[in-house]
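These notes are about the structure you will find just below.
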Amino acid sequence: MAGRCPMGLGEFTSLALMHPEYGYYTNRDPFGVDGDFITAPEISQIFGEVIGAWVIDIWMQMGSPSSFNLIEAGAGRGTLMADIMRISNIAGGFESAAQICLIEASDLLKGKQRAALNNHKVTWYDAISDIDVDKPCIILGNEFLDALPIEQLRRSSDGWQKRVIIAVDDNEFKFDWVRAEKELVTLLPSKTVSNEIYEVAPIRLEFVNECEALIKAHGGAALFIDYGYTKSHHGDTLQAIKNHKFVNVLEDIGSCDITSHVDFEALSAHVGLNVTPVVTQAHFLKSLGIEQRAKAICANEMDLNRLVGEDQMGELFKVICFYHGNNLTPAGF
């Protein structure tokens, strides 16, 4: 591989995560104690239950349509959707109305999702743009946006550059910089500082555009929960995780998760729909009554703290919702 053209960071991340044979998500189950990281649905059922209550509330505000697309992007093991559907009987007609659509490229994870949702009809799609827009949509993404590739830019004396990966030999890679394309530069904040790293996420924005198209066509809402920041700023947030520890992004390629923090301000500004304020996961879940639910089922206090604690997911993770029309008032914000 030595001597080949530099590869953009976005293309590199896409291959490392989703290569059909060697990609991280296509050849392993990364979730849980025995995997590389633990997501909120895997920590406690109370997370999925309060998200389920939120979804049901949105459905009712939409007029309780007899059929709607309930879409989850990057559904992991299917735990979140299973928890949502387990409480679906609190609203008559919801379970039969929900047409479950999962966006998943990994055959291995599709198998996990199929097992978790074996009592429900599920349709899988490789991309959200593949879904037919013939009914309202409620879209969910928990720790999904962070896995969509980014590009990193910096302003030098020669103008804007983007970060690339070059091969030193067949088993060694390093970062370098080349001139950035104009379309990437247009995504930057209006005010920037020389020689600092800025992250832009064209693939994230494209995904949001696709969600927006679905919602605009027939109504609905999209809810995203992820770690990130509320105000755009410079800084390198690219990271790789293996066995619950941070590792070198350019080592063990295909065997570690590669993510970056979500710029929620850029995301919010890009959406052409109604957008809620960006709030912390702690604020969102507490507003939905997660503490009361935890007491009701005697949930583990440590699990609750991991979800809402200031030094845990509670502050690091942020929540945003965008929706169509003035008839919806999303709870939790």
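Order determines the names: the first chain of the structure tokens is A, the second B, and so forth; residues in each chain are numbered 1 upward, and ligands are numbered 1 upward as they are shown.
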Residue neighbourhood segment 81-97 of chain A, 9 Å, only C-alpha atoms, exclusion window fewer than 5 positions, as a list in words: Pro41, Gln45, Ile46, Phe47, Gly48, Glu49, Val50, Ile51, Gly52, Ala53, Val55, Ile56, Trp59, Met60, Ser64, Pro65, Ser66, Ser67, Phe68, Asn69, Glu72, Ala75, Gln113, Ala116, Leu117 and His120 of chain A
Near-segment 308-311 of chain A list (7 Å; only C-alpha atoms; drop same-chain fewer than 4 positions) as a VMD selection string: chain A and resid 281 to 282 304 315
Go ahead and write the residues just picked, C-alpha atoms, as a PDB file, in the first residue's frame.
ATOM      1  CA  GLN A 281     -29.155  13.629  28.554  1.00  0.00           C
ATOM      2  CA  ALA A 282     -29.633  14.185  32.286  1.00  0.00           C
ATOM      3  CA  LEU A 304     -29.391   5.330  36.986  1.00  0.00           C
ATOM      4  CA  GLU A 315     -23.644  15.808  30.988  1.00  0.00           C
TER       5      GLU A 315
END
All residues 9 Å or closer to Arg204 of chain A, only C-alpha atoms, same chain fewer than 4 positions away omitted, as a list in words: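 The contact residues come out as Leu145, Asp146, Leu148, Pro149, Ile150, Val200, Val208, Asn209 and Leu267 of chain A.
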Distance criterion (only C-alpha atoms): nearest to Ile215 of chain A out of A:Leu70, A:Ala201, A:Leu316, A:Leu188: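 Of the candidates, the smallest distance to Ile215 of chain A is held by A:Leu70.
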Neighbour list for Met18 of chain A as a PyMOL selection string, cut-off 12 Å, only C-alpha atoms, skip fewer than 3 positions in-chain: chain A and resi 10-15+21-28+104-107+126+147-149+253-258
Output file for the selection above: C-alpha atoms, as a JSON list (two decimals), in the first residue's frame:
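Ended up saving to selection_30.json:
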[["chain", "number", "residue", "atom", "x", "y", "z"],
["A", 10, "GLY", "CA", -13.86, 10.35, 6.05],
["A", 11, "GLU", "CA", -13.13, 7.63, 3.50],
["A", 12, "PHE", "CA", -10.66, 5.97, 5.87],
["A", 13, "THR", "CA", -13.21, 5.91, 8.71],
["A", 14, "SER", "CA", -15.93, 4.52, 6.45],
["A", 15, "LEU", "CA", -13.70, 1.66, 5.35],
["A", 21, "GLU", "CA", -15.20, -8.11, 5.12],
["A", 22, "TYR", "CA", -12.82, -6.30, 7.47],
["A", 23, "GLY", "CA", -14.94, -3.45, 8.86],
["A", 24, "TYR", "CA", -15.36, -3.05, 12.59],
["A", 25, "TYR", "CA", -19.16, -3.16, 12.58],
["A", 26, "THR", "CA", -19.44, -5.89, 9.98],
["A", 27, "ASN", "CA", -17.33, -8.53, 11.73],
["A", 28, "ARG", "CA", -18.17, -8.26, 15.45],
["A", 104, "GLU", "CA", -28.36, -1.45, 9.65],
["A", 105, "ALA", "CA", -25.50, -2.50, 7.39],
["A", 106, "SER", "CA", -24.09, -5.27, 9.60],
["A", 107, "ASP", "CA", -25.49, -8.77, 8.98],
["A", 126, "ASP", "CA", -29.14, -0.25, 4.32],
["A", 147, "ALA", "CA", -19.97, 6.99, 14.19],
["A", 148, "LEU", "CA", -20.60, 8.87, 10.93],
["A", 149, "PRO", "CA", -17.25, 9.97, 9.46],
["A", 253, "ILE", "CA", -7.74, -0.86, 11.98],
["A", 254, "GLY", "CA", -11.03, -2.71, 11.72],
["A", 255, "SER", "CA", -10.73, -3.97, 15.31],
["A", 256, "CYS", "CA", -11.63, -0.76, 17.16],
["A", 257, "ASP", "CA", -14.50, 1.70, 17.09],
["A", 258, "ILE", "CA", -13.76, 5.13, 15.58]]
